[in-house]
file query25.pdb (PDB, C-alpha atoms and all ligand atoms)
MODEL        1
ATOM      1  CA  MET O   1      85.197  93.883 106.242
ATOM      2  CA  ILE O   2      85.540  96.433 103.452
ATOM      3  CA  VAL O   3      88.560  94.852 101.838
ATOM      4  CA  THR O   4      88.446  91.090 101.321
ATOM      5  CA  LEU O   5      90.970  88.395 100.491
ATOM      6  CA  PRO O   6      89.677  86.481  97.453
ATOM      7  CA  ASP O   7      90.522  82.821  96.979
ATOM      8  CA  LEU O   8      93.108  82.171  94.297
ATOM      9  CA  PRO O   9      91.314  81.497  90.982
ATOM     10  CA  PHE O  10      93.369  78.275  90.585
ATOM     11  CA  ALA O  11      94.752  75.530  92.828
ATOM     12  CA  LYS O  12      97.931  76.458  94.671
ATOM     13  CA  GLU O  13      99.967  73.904  92.672
ATOM     14  CA  ALA O  14      98.352  74.812  89.340
ATOM     15  CA  LEU O  15     101.038  77.233  88.156
ATOM     16  CA  GLU O  16     103.948  74.875  88.800
ATOM     17  CA  PRO O  17     106.699  74.634  87.686
ATOM     18  CA  HIS O  18     106.526  78.340  86.816
ATOM     19  CA  ILE O  19     105.290  79.621  90.175
ATOM     20  CA  SER O  20     105.462  77.188  93.073
ATOM     21  CA  ALA O  21     102.775  76.419  95.653
ATOM     22  CA  LYS O  22     105.280  77.671  98.249
ATOM     23  CA  THR O  23     105.490  81.087  96.572
ATOM     24  CA  LEU O  24     101.690  81.303  96.409
ATOM     25  CA  ASP O  25     101.419  80.212 100.043
ATOM     26  CA  PHE O  26     103.519  83.177 101.097
ATOM     27  CA  HIS O  27     102.393  85.632  98.442
ATOM     28  CA  HIS O  28      98.637  85.088  98.803
ATOM     29  CA  GLY O  29      98.434  83.654 102.315
ATOM     30  CA  LYS O  30     100.871  86.025 104.017
ATOM     31  CA  HIS O  31     101.663  89.128 101.916
ATOM     32  CA  HIS O  32      98.262  89.708 100.293
ATOM     33  CA  LYS O  33      96.461  88.761 103.528
ATOM     34  CA  ALA O  34      98.560  91.265 105.505
ATOM     35  CA  TYR O  35      97.587  94.106 103.129
ATOM     36  CA  VAL O  36      93.917  93.146 103.499
ATOM     37  CA  ASP O  37      94.120  92.924 107.305
ATOM     38  CA  ASN O  38      96.031  96.204 107.608
ATOM     39  CA  ALA O  39      93.638  97.981 105.242
ATOM     40  CA  ASN O  40      90.617  96.901 107.295
ATOM     41  CA  LYS O  41      92.317  97.900 110.550
ATOM     42  CA  LEU O  42      93.152 101.363 109.185
ATOM     43  CA  LEU O  43      89.673 101.863 107.734
ATOM     44  CA  GLU O  44      87.835 100.888 110.896
ATOM     45  CA  GLY O  45      85.566 103.745 111.981
ATOM     46  CA  SER O  46      86.686 105.964 109.083
ATOM     47  CA  GLU O  47      84.320 107.786 106.703
ATOM     48  CA  LEU O  48      86.149 106.067 103.836
ATOM     49  CA  ALA O  49      84.944 102.683 105.056
ATOM     50  CA  LYS O  50      81.585 103.372 103.376
ATOM     51  CA  GLU O  51      83.199 103.648  99.948
ATOM     52  CA  SER O  52      84.150 100.977  97.425
ATOM     53  CA  VAL O  53      87.769  99.850  97.293
ATOM     54  CA  GLU O  54      88.225 101.661  93.957
ATOM     55  CA  THR O  55      86.840 104.914  95.390
ATOM     56  CA  ILE O  56      89.055 104.626  98.477
ATOM     57  CA  ILE O  57      92.069 104.286  96.161
ATOM     58  CA  GLU O  58      91.048 107.366  94.136
ATOM     59  CA  LYS O  59      90.294 109.441  97.233
ATOM     60  CA  THR O  60      93.520 108.648  99.120
ATOM     61  CA  ALA O  61      95.991 108.717  96.182
ATOM     62  CA  GLY O  62      98.610 111.432  96.549
ATOM     63  CA  ASP O  63      97.500 112.407 100.084
ATOM     64  CA  PRO O  64     100.481 111.919 102.414
ATOM     65  CA  SER O  65      98.199 111.850 105.473
ATOM     66  CA  LYS O  66      96.378 108.851 103.965
ATOM     67  CA  ALA O  67      99.477 106.987 102.749
ATOM     68  CA  GLY O  68      98.909 104.008 105.058
ATOM     69  CA  VAL O  69      95.355 103.481 103.853
ATOM     70  CA  PHE O  70      96.316 104.008 100.209
ATOM     71  CA  ASN O  71      99.283 101.633 100.340
ATOM     72  CA  ASN O  72      97.361  98.773 101.927
ATOM     73  CA  VAL O  73      94.107  99.171  99.988
ATOM     74  CA  ALA O  74      95.923  99.601  96.657
ATOM     75  CA  GLN O  75      98.150  96.600  97.344
ATOM     76  CA  ALA O  76      95.069  94.529  98.210
ATOM     77  CA  TRP O  77      93.450  95.589  94.913
ATOM     78  CA  ASN O  78      96.625  95.082  92.841
ATOM     79  CA  HIS O  79      97.074  91.546  94.169
ATOM     80  CA  SER O  80      93.425  90.539  93.616
ATOM     81  CA  PHE O  81      93.866  91.765  90.034
ATOM     82  CA  TYR O  82      97.231  90.019  89.560
ATOM     83  CA  TRP O  83      95.848  86.559  90.474
ATOM     84  CA  LYS O  84      93.220  86.905  87.748
ATOM     85  CA  CYS O  85      95.913  87.789  85.202
ATOM     86  CA  MET O  86      97.371  84.254  85.384
ATOM     87  CA  LYS O  87      96.132  80.768  84.561
ATOM     88  CA  PRO O  88      97.692  77.331  84.133
ATOM     89  CA  GLY O  89      98.616  76.847  80.473
ATOM     90  CA  GLY O  90      98.333  80.566  79.766
ATOM     91  CA  GLY O  91     100.728  82.944  78.063
ATOM     92  CA  GLY O  92     101.986  83.158  74.513
ATOM     93  CA  ALA O  93     100.380  85.231  71.801
ATOM     94  CA  PRO O  94      96.872  86.483  72.599
ATOM     95  CA  THR O  95      93.647  85.809  70.739
ATOM     96  CA  GLY O  96      90.431  87.806  70.595
ATOM     97  CA  PRO O  97      89.988  91.581  70.558
ATOM     98  CA  ILE O  98      93.133  92.236  72.621
ATOM     99  CA  ALA O  99      95.276  90.668  69.866
ATOM    100  CA  GLN O 100      94.025  93.169  67.277
ATOM    101  CA  LYS O 101      94.340  96.054  69.714
ATOM    102  CA  ILE O 102      97.958  95.098  70.536
ATOM    103  CA  ASP O 103      98.724  95.090  66.796
ATOM    104  CA  ALA O 104      97.017  98.449  66.286
ATOM    105  CA  ASP O 105      98.236 100.338  69.380
ATOM    106  CA  LEU O 106     101.559  98.722  70.312
ATOM    107  CA  GLY O 107     102.883  97.540  66.951
ATOM    108  CA  GLY O 108     102.359  93.820  67.499
ATOM    109  CA  TYR O 109     102.878  91.051  70.036
ATOM    110  CA  GLN O 110     106.704  91.134  69.903
ATOM    111  CA  LYS O 111     106.644  94.841  70.762
ATOM    112  CA  PHE O 112     104.253  94.103  73.623
ATOM    113  CA  VAL O 113     106.649  91.444  74.965
ATOM    114  CA  GLU O 114     109.646  93.775  74.731
ATOM    115  CA  GLU O 115     107.838  96.676  76.356
ATOM    116  CA  LEU O 116     106.333  94.669  79.210
ATOM    117  CA  LYS O 117     109.708  93.059  79.981
ATOM    118  CA  ASN O 118     111.359  96.449  79.841
ATOM    119  CA  ALA O 119     108.784  98.000  82.190
ATOM    120  CA  GLY O 120     109.228  95.135  84.660
ATOM    121  CA  MET O 121     113.017  95.312  84.493
ATOM    122  CA  THR O 122     113.316  99.083  84.787
ATOM    123  CA  GLN O 123     110.976  99.345  87.774
ATOM    124  CA  PHE O 124     113.710 100.008  90.322
ATOM    125  CA  GLY O 125     112.917  98.225  93.572
ATOM    126  CA  SER O 126     109.360  97.102  94.256
ATOM    127  CA  GLY O 127     106.383  97.687  92.006
ATOM    128  CA  TRP O 128     104.259  96.515  89.128
ATOM    129  CA  ALA O 129     104.332  96.431  85.309
ATOM    130  CA  TRP O 130     101.003  96.941  83.533
ATOM    131  CA  LEU O 131      99.098  96.865  80.282
ATOM    132  CA  VAL O 132      96.479  99.599  80.578
ATOM    133  CA  LEU O 133      93.904 101.429  78.551
ATOM    134  CA  HIS O 134      94.627 105.169  78.591
ATOM    135  CA  ASN O 135      92.278 107.459  76.686
ATOM    136  CA  GLY O 136      91.121 104.451  74.689
ATOM    137  CA  LYS O 137      94.611 103.328  73.670
ATOM    138  CA  LEU O 138      96.768 100.517  74.996
ATOM    139  CA  GLN O 139      99.843 101.534  76.911
ATOM    140  CA  ILE O 140     102.535  99.688  78.864
ATOM    141  CA  THR O 141     103.351 101.358  82.145
ATOM    142  CA  LYS O 142     104.884 100.656  85.537
ATOM    143  CA  THR O 143     104.125 101.775  89.083
ATOM    144  CA  ALA O 144     106.279 101.864  92.212
ATOM    145  CA  ASN O 145     105.421 100.113  95.475
ATOM    146  CA  ALA O 146     101.625 100.112  95.957
ATOM    147  CA  ASP O 147     100.837 102.638  93.243
ATOM    148  CA  THR O 148      98.231 101.568  90.712
ATOM    149  CA  PRO O 149      96.955 102.852  87.334
ATOM    150  CA  LEU O 150      93.523 103.223  88.981
ATOM    151  CA  ALA O 151      94.956 106.257  90.769
ATOM    152  CA  HIS O 152      95.966 107.810  87.427
ATOM    153  CA  GLY O 153      92.771 107.569  85.412
ATOM    154  CA  MET O 154      93.855 104.451  83.521
ATOM    155  CA  ILE O 155      92.012 101.147  83.115
ATOM    156  CA  PRO O 156      94.199  98.185  84.119
ATOM    157  CA  LEU O 157      94.068  95.219  81.725
ATOM    158  CA  LEU O 158      97.033  93.118  82.886
ATOM    159  CA  THR O 159      99.645  93.296  85.610
ATOM    160  CA  VAL O 160     102.762  91.491  86.711
ATOM    161  CA  ASP O 161     103.952  91.896  90.300
ATOM    162  CA  VAL O 162     107.688  92.668  90.349
ATOM    163  CA  TRP O 163     108.074  92.870  94.114
ATOM    164  CA  GLU O 164     110.749  90.334  95.085
ATOM    165  CA  HIS O 165     108.187  88.394  97.149
ATOM    166  CA  ALA O 166     106.488  87.469  93.839
ATOM    167  CA  TYR O 167     109.476  85.528  92.486
ATOM    168  CA  TYR O 168     112.352  85.249  94.953
ATOM    169  CA  LEU O 169     111.646  81.685  96.185
ATOM    170  CA  ASP O 170     111.439  80.370  92.601
ATOM    171  CA  TYR O 171     113.822  82.656  90.692
ATOM    172  CA  GLN O 172     115.984  84.290  93.398
ATOM    173  CA  ASN O 173     117.322  87.506  91.823
ATOM    174  CA  ARG O 174     116.441  86.514  88.240
ATOM    175  CA  ARG O 175     113.594  88.935  87.600
ATOM    176  CA  PRO O 176     114.078  88.671  83.786
ATOM    177  CA  ASP O 177     113.401  84.900  83.927
ATOM    178  CA  TYR O 178     110.264  85.437  86.009
ATOM    179  CA  LEU O 179     109.010  88.079  83.563
ATOM    180  CA  ALA O 180     109.733  85.877  80.539
ATOM    181  CA  THR O 181     107.927  82.932  82.173
ATOM    182  CA  PHE O 182     104.950  85.092  83.093
ATOM    183  CA  ILE O 183     104.647  86.199  79.466
ATOM    184  CA  GLU O 184     105.251  82.786  77.879
ATOM    185  CA  HIS O 185     103.317  80.517  80.269
ATOM    186  CA  LEU O 186     100.989  82.376  82.602
ATOM    187  CA  ILE O 187      99.093  85.341  81.127
ATOM    188  CA  ASN O 188      95.329  84.774  81.196
ATOM    189  CA  TRP O 189      94.341  86.465  77.926
ATOM    190  CA  ASP O 190      90.666  85.553  78.505
ATOM    191  CA  PHE O 191      90.747  87.776  81.574
ATOM    192  CA  VAL O 192      92.539  90.563  79.680
ATOM    193  CA  ASN O 193      89.882  90.378  76.958
ATOM    194  CA  SER O 194      87.154  90.564  79.616
ATOM    195  CA  CYS O 195      88.699  93.798  80.978
ATOM    196  CA  LEU O 196      88.752  95.336  77.503
ATOM    197  CA  LYS O 197      84.936  95.291  77.180
TER
HETATM  198 FE    FE O 201     102.979  90.926  95.670
ENDMDL
END
call {"tool": "encode", "arguments": {"input": "query25.pdb", "output": "structure tokens", "more": "lines below"}}
Ligand code: FE
result
Amino acid sequence: MIVTLPDLPFAKEALEPHISAKTLDFHHGKHHKAYVDNANKLLEGSELAKESVETIIEKTAGDPSKAGVFNNVAQAWNHSFYWKCMKPGGGGAPTGPIAQKIDADLGGYQKFVEELKNAGMTQFGSGWAWLVLHNGKLQITKTANADTPLAHGMIPLLTVDVWEHAYYLDYQNRRPDYLATFIEHLINWDFVNSCLK
């Protein structure tokens, strides 16, 4: 097994009422697991199987003949990262080094909130909104489908999954409410700070 399915870093009920155990059952147990299983199936017997997940992502990005591998491996990585970006009782204004860096690079927490919401809302269809480090500076960005900042020379610090499977059972079509809740109640700033080092 090159690509693995990590346990959730919290109990399945721990994010309620913001994200239900039912959503996590499907999202982690079915969707994330399927990406992991498909990735391993596609990598079986391939030269790429010797590489790390991050290297596989870099080596297959933008190669149409490797789209299946890229999509499944990148989705597996994105989801493992996303789980770590949330914790029960999280969200709100950050503390630690990331707080100062948000002030310096993004113009403050309110700007960060606006920009992250905007990235999540304007990602047409499926994808991800991100806080990344790009050439040493913070940037808000978004990626479509399985695409990931790792494939674009950026260091991911925080992500929010805006595929419908991330919120549909709890929020139906209300992506703005899911994004607002993620920001106000779920962001694990300790993890974001740990990525900044
Ligand atoms: Fe997802």
call {"tool": "resolve_selection", "arguments": {"input": "query25.pdb", "expression": "the PyMOL selection byres (((chain O and resi 137) around 10) and not hetatm)", "output": "ChimeraX atom specification"}}
result
/O:101-102,104-106,132-136,138-139,154
call {"tool": "write_last_selection", "arguments": {"input": "query25.pdb", "atoms": "C-alpha atoms", "output": "PDB file, in the frame of the given file"}}
result
ATOM      1  CA  LYS O 101      94.340  96.054  69.714  1.00  0.00           C
ATOM      2  CA  ILE O 102      97.958  95.098  70.536  1.00  0.00           C
ATOM      3  CA  ALA O 104      97.017  98.449  66.286  1.00  0.00           C
ATOM      4  CA  ASP O 105      98.236 100.338  69.380  1.00  0.00           C
ATOM      5  CA  LEU O 106     101.559  98.722  70.312  1.00  0.00           C
ATOM      6  CA  VAL O 132      96.479  99.599  80.578  1.00  0.00           C
ATOM      7  CA  LEU O 133      93.904 101.429  78.551  1.00  0.00           C
ATOM      8  CA  HIS O 134      94.627 105.169  78.591  1.00  0.00           C
ATOM      9  CA  ASN O 135      92.278 107.459  76.686  1.00  0.00           C
ATOM     10  CA  GLY O 136      91.121 104.451  74.689  1.00  0.00           C
ATOM     11  CA  LEU O 138      96.768 100.517  74.996  1.00  0.00           C
ATOM     12  CA  GLN O 139      99.843 101.534  76.911  1.00  0.00           C
ATOM     13  CA  MET O 154      93.855 104.451  83.521  1.00  0.00           C
TER      14      MET O 154
END
call {"tool": "resolve_selection", "arguments": {"input": "query25.pdb", "expression": "the PyMOL selection byres (((chain O and resi 20) around 12) and not hetatm)", "output": "ChimeraX atom specification"}}
result
/O:11-19,21-28,88,166-171,178
call {"tool": "closest_residue", "arguments": {"input": "query25.pdb", "among": "O:Gln123, O:Ser46, O:Asn78, O:Thr181", "to": "ligand FE 201 (chain O)", "atoms": "all atoms listed in the file"}}
result
O:Asn78
call {"tool": "closest_atom_pairs", "arguments": {"input": "query25.pdb", "of": "chain O", "to": "ligand FE 201 (chain O)", "cutoff": "8 Å", "atoms": "only C-alpha atoms and all ligand atoms", "output": "CSV"}}
result
residue,atom,partner,partner_atom,distance
O:His27,CA,O:FE201,FE,6.0
O:His28,CA,O:FE201,FE,7.9
O:His31,CA,O:FE201,FE,6.6
O:His32,CA,O:FE201,FE,6.7
O:Gln75,CA,O:FE201,FE,7.6
O:His79,CA,O:FE201,FE,6.1
O:Asp161,CA,O:FE201,FE,5.5
O:Val162,CA,O:FE201,FE,7.3
O:Trp163,CA,O:FE201,FE,5.7
O:Glu164,CA,O:FE201,FE,7.8
O:His165,CA,O:FE201,FE,6.0
O:Ala166,CA,O:FE201,FE,5.3
call {"tool": "residues_around", "arguments": {"input": "query25.pdb", "residues": "Trp77 (chain O)", "least_positions_apart": "5", "cutoff": "9 Å", "atoms": "all atoms listed in the file", "output": "compact mmCIF listing (two decimals) with C-alpha atoms, in the coordinates of the input"}}
result
# COMPACT_ATOMS: atom_id res chain seq x y z
CA VAL O 3 88.56 94.85 101.84
CA VAL O 36 93.92 93.15 103.50
CA VAL O 53 87.77 99.85 97.29
CA GLU O 54 88.22 101.66 93.96
CA ILE O 57 92.07 104.29 96.16
CA ASN O 72 97.36 98.77 101.93
CA TYR O 82 97.23 90.02 89.56
CA THR O 148 98.23 101.57 90.71
call {"tool": "residues_around", "arguments": {"input": "query25.pdb", "residues": "Lys84 (chain O)", "least_positions_apart": "5", "cutoff": "10 Å", "atoms": "all atoms listed in the file", "output": "PyMOL selection string"}}
result
chain O and resi 8-10+79+158-159+187-192
call {"tool": "residues_around", "arguments": {"input": "query25.pdb", "residues": "Gln110 (chain O)", "least_positions_apart": "5", "cutoff": "12 Å", "atoms": "only C-alpha atoms", "output": "list of chain:residue names"}}
result
O:Gly92, O:Ala93, O:Pro94, O:Ala99, O:Ile102, O:Asp103, O:Glu115, O:Leu116, O:Lys117, O:Ile183, O:Glu184
call {"tool": "resolve_selection", "arguments": {"input": "query25.pdb", "expression": "the PyMOL selection byres (((chain O and resi 141) around 9) and not hetatm)", "output": "PyMOL selection string"}}
result
chain O and resi 115-116+119-120+128-132+139-140+142-143+149
call {"tool": "residues_around", "arguments": {"input": "query25.pdb", "residues": "Lys66 (chain O)", "least_positions_apart": "4", "cutoff": "12 Å", "atoms": "all atoms listed in the file", "output": "list in words"}}
result
Ala39, Leu42, Leu43, Ser46, Leu48, Ile56, Ile57, Glu58, Lys59, Thr60, Ala61, Gly62, Phe70, Asn71, Asn72, Val73 and Ala74 of chain O
call {"tool": "closest_residue", "arguments": {"input": "query25.pdb", "among": "O:Ala151, O:Met121, O:Glu51, O:Lys33", "to": "Arg174 (chain O)", "atoms": "only C-alpha atoms"}}
result
O:Met121
call {"tool": "atom_distance", "arguments": {"input": "query25.pdb", "atom1": "CA of Pro97 (chain O)", "atom2": "CA of Asn193 (chain O)"}}
result
6.5 Å
call {"tool": "build_atoms", "arguments": {"input": "query25.pdb", "residues": "region 25-51 of chain O", "atoms": "N, CA, C and O atoms", "output": "CSV table (one decimal), keeping the file's coordinate frame"}}
result
chain,number,residue,atom,x,y,z
O,25,ASP,N,101.7,80.3,98.6
O,25,ASP,CA,101.4,80.2,100.0
O,25,ASP,C,101.8,81.5,100.7
O,25,ASP,O,101.0,82.1,101.5
O,26,PHE,N,103.0,81.9,100.5
O,26,PHE,CA,103.5,83.2,101.1
O,26,PHE,C,102.9,84.4,100.5
O,26,PHE,O,102.4,85.3,101.2
O,27,HIS,N,102.8,84.4,99.1
O,27,HIS,CA,102.4,85.6,98.4
O,27,HIS,C,100.9,85.9,98.7
O,27,HIS,O,100.5,87.1,99.0
O,28,HIS,N,100.1,84.9,98.6
O,28,HIS,CA,98.6,85.1,98.8
O,28,HIS,C,98.3,85.0,100.3
O,28,HIS,O,97.6,85.9,100.9
O,29,GLY,N,98.8,83.9,100.9
O,29,GLY,CA,98.4,83.7,102.3
O,29,GLY,C,99.0,84.6,103.4
O,29,GLY,O,98.5,84.7,104.4
O,30,LYS,N,100.2,85.1,103.0
O,30,LYS,CA,100.9,86.0,104.0
O,30,LYS,C,100.9,87.5,103.5
O,30,LYS,O,100.4,88.4,104.2
O,31,HIS,N,101.5,87.7,102.4
O,31,HIS,CA,101.7,89.1,101.9
O,31,HIS,C,100.3,89.8,101.6
O,31,HIS,O,100.0,90.8,102.1
O,32,HIS,N,99.6,89.1,100.7
O,32,HIS,CA,98.3,89.7,100.3
O,32,HIS,C,97.4,89.8,101.5
O,32,HIS,O,96.7,90.8,101.8
O,33,LYS,N,97.3,88.8,102.3
O,33,LYS,CA,96.5,88.8,103.5
O,33,LYS,C,96.8,89.9,104.5
O,33,LYS,O,95.9,90.6,105.0
O,34,ALA,N,98.1,90.2,104.6
O,34,ALA,CA,98.6,91.3,105.5
O,34,ALA,C,98.1,92.6,105.0
O,34,ALA,O,97.6,93.5,105.8
O,35,TYR,N,98.1,92.8,103.7
O,35,TYR,CA,97.6,94.1,103.1
O,35,TYR,C,96.1,94.2,103.4
O,35,TYR,O,95.6,95.3,103.8
O,36,VAL,N,95.4,93.1,103.2
O,36,VAL,CA,93.9,93.1,103.5
O,36,VAL,C,93.6,93.4,105.0
O,36,VAL,O,92.8,94.3,105.3
O,37,ASP,N,94.3,92.7,105.9
O,37,ASP,CA,94.1,92.9,107.3
O,37,ASP,C,94.5,94.3,107.7
O,37,ASP,O,93.7,95.0,108.5
O,38,ASN,N,95.6,94.8,107.3
O,38,ASN,CA,96.0,96.2,107.6
O,38,ASN,C,95.1,97.2,107.1
O,38,ASN,O,94.7,98.2,107.8
O,39,ALA,N,94.6,97.0,105.8
O,39,ALA,CA,93.6,98.0,105.2
O,39,ALA,C,92.4,98.1,106.1
O,39,ALA,O,91.9,99.1,106.4
O,40,ASN,N,91.9,96.9,106.5
O,40,ASN,CA,90.6,96.9,107.3
O,40,ASN,C,90.8,97.5,108.7
O,40,ASN,O,90.0,98.3,109.2
O,41,LYS,N,92.0,97.3,109.2
O,41,LYS,CA,92.3,97.9,110.6
O,41,LYS,C,92.3,99.4,110.4
O,41,LYS,O,91.8,100.1,111.2
O,42,LEU,N,93.0,99.9,109.4
O,42,LEU,CA,93.2,101.4,109.2
O,42,LEU,C,91.8,102.0,108.8
O,42,LEU,O,91.6,103.2,109.1
O,43,LEU,N,91.0,101.3,108.2
O,43,LEU,CA,89.7,101.9,107.7
O,43,LEU,C,88.6,101.8,108.8
O,43,LEU,O,87.6,102.5,108.7
O,44,GLU,N,88.8,101.1,109.9
O,44,GLU,CA,87.8,100.9,110.9
O,44,GLU,C,87.4,102.2,111.5
O,44,GLU,O,88.2,103.0,111.9
O,45,GLY,N,86.1,102.5,111.4
O,45,GLY,CA,85.6,103.7,112.0
O,45,GLY,C,85.8,105.0,111.1
O,45,GLY,O,85.4,106.1,111.5
O,46,SER,N,86.4,104.8,109.9
O,46,SER,CA,86.7,106.0,109.1
O,46,SER,C,85.5,106.2,108.1
O,46,SER,O,84.8,105.2,107.8
O,47,GLU,N,85.4,107.4,107.7
O,47,GLU,CA,84.3,107.8,106.7
O,47,GLU,C,84.5,107.0,105.4
O,47,GLU,O,83.6,106.6,104.7
O,48,LEU,N,85.8,106.8,105.1
O,48,LEU,CA,86.1,106.1,103.8
O,48,LEU,C,85.6,104.6,103.8
O,48,LEU,O,85.4,104.1,102.7
O,49,ALA,N,85.4,104.1,105.0
O,49,ALA,CA,84.9,102.7,105.1
O,49,ALA,C,83.6,102.4,104.3
O,49,ALA,O,83.3,101.3,104.0
O,50,LYS,N,82.9,103.5,104.1
O,50,LYS,CA,81.6,103.4,103.4
O,50,LYS,C,81.8,103.3,101.9
O,50,LYS,O,80.8,102.9,101.1
O,51,GLU,N,83.0,103.6,101.4
O,51,GLU,CA,83.2,103.6,99.9
O,51,GLU,C,83.6,102.3,99.4
O,51,GLU,O,84.1,101.4,100.1
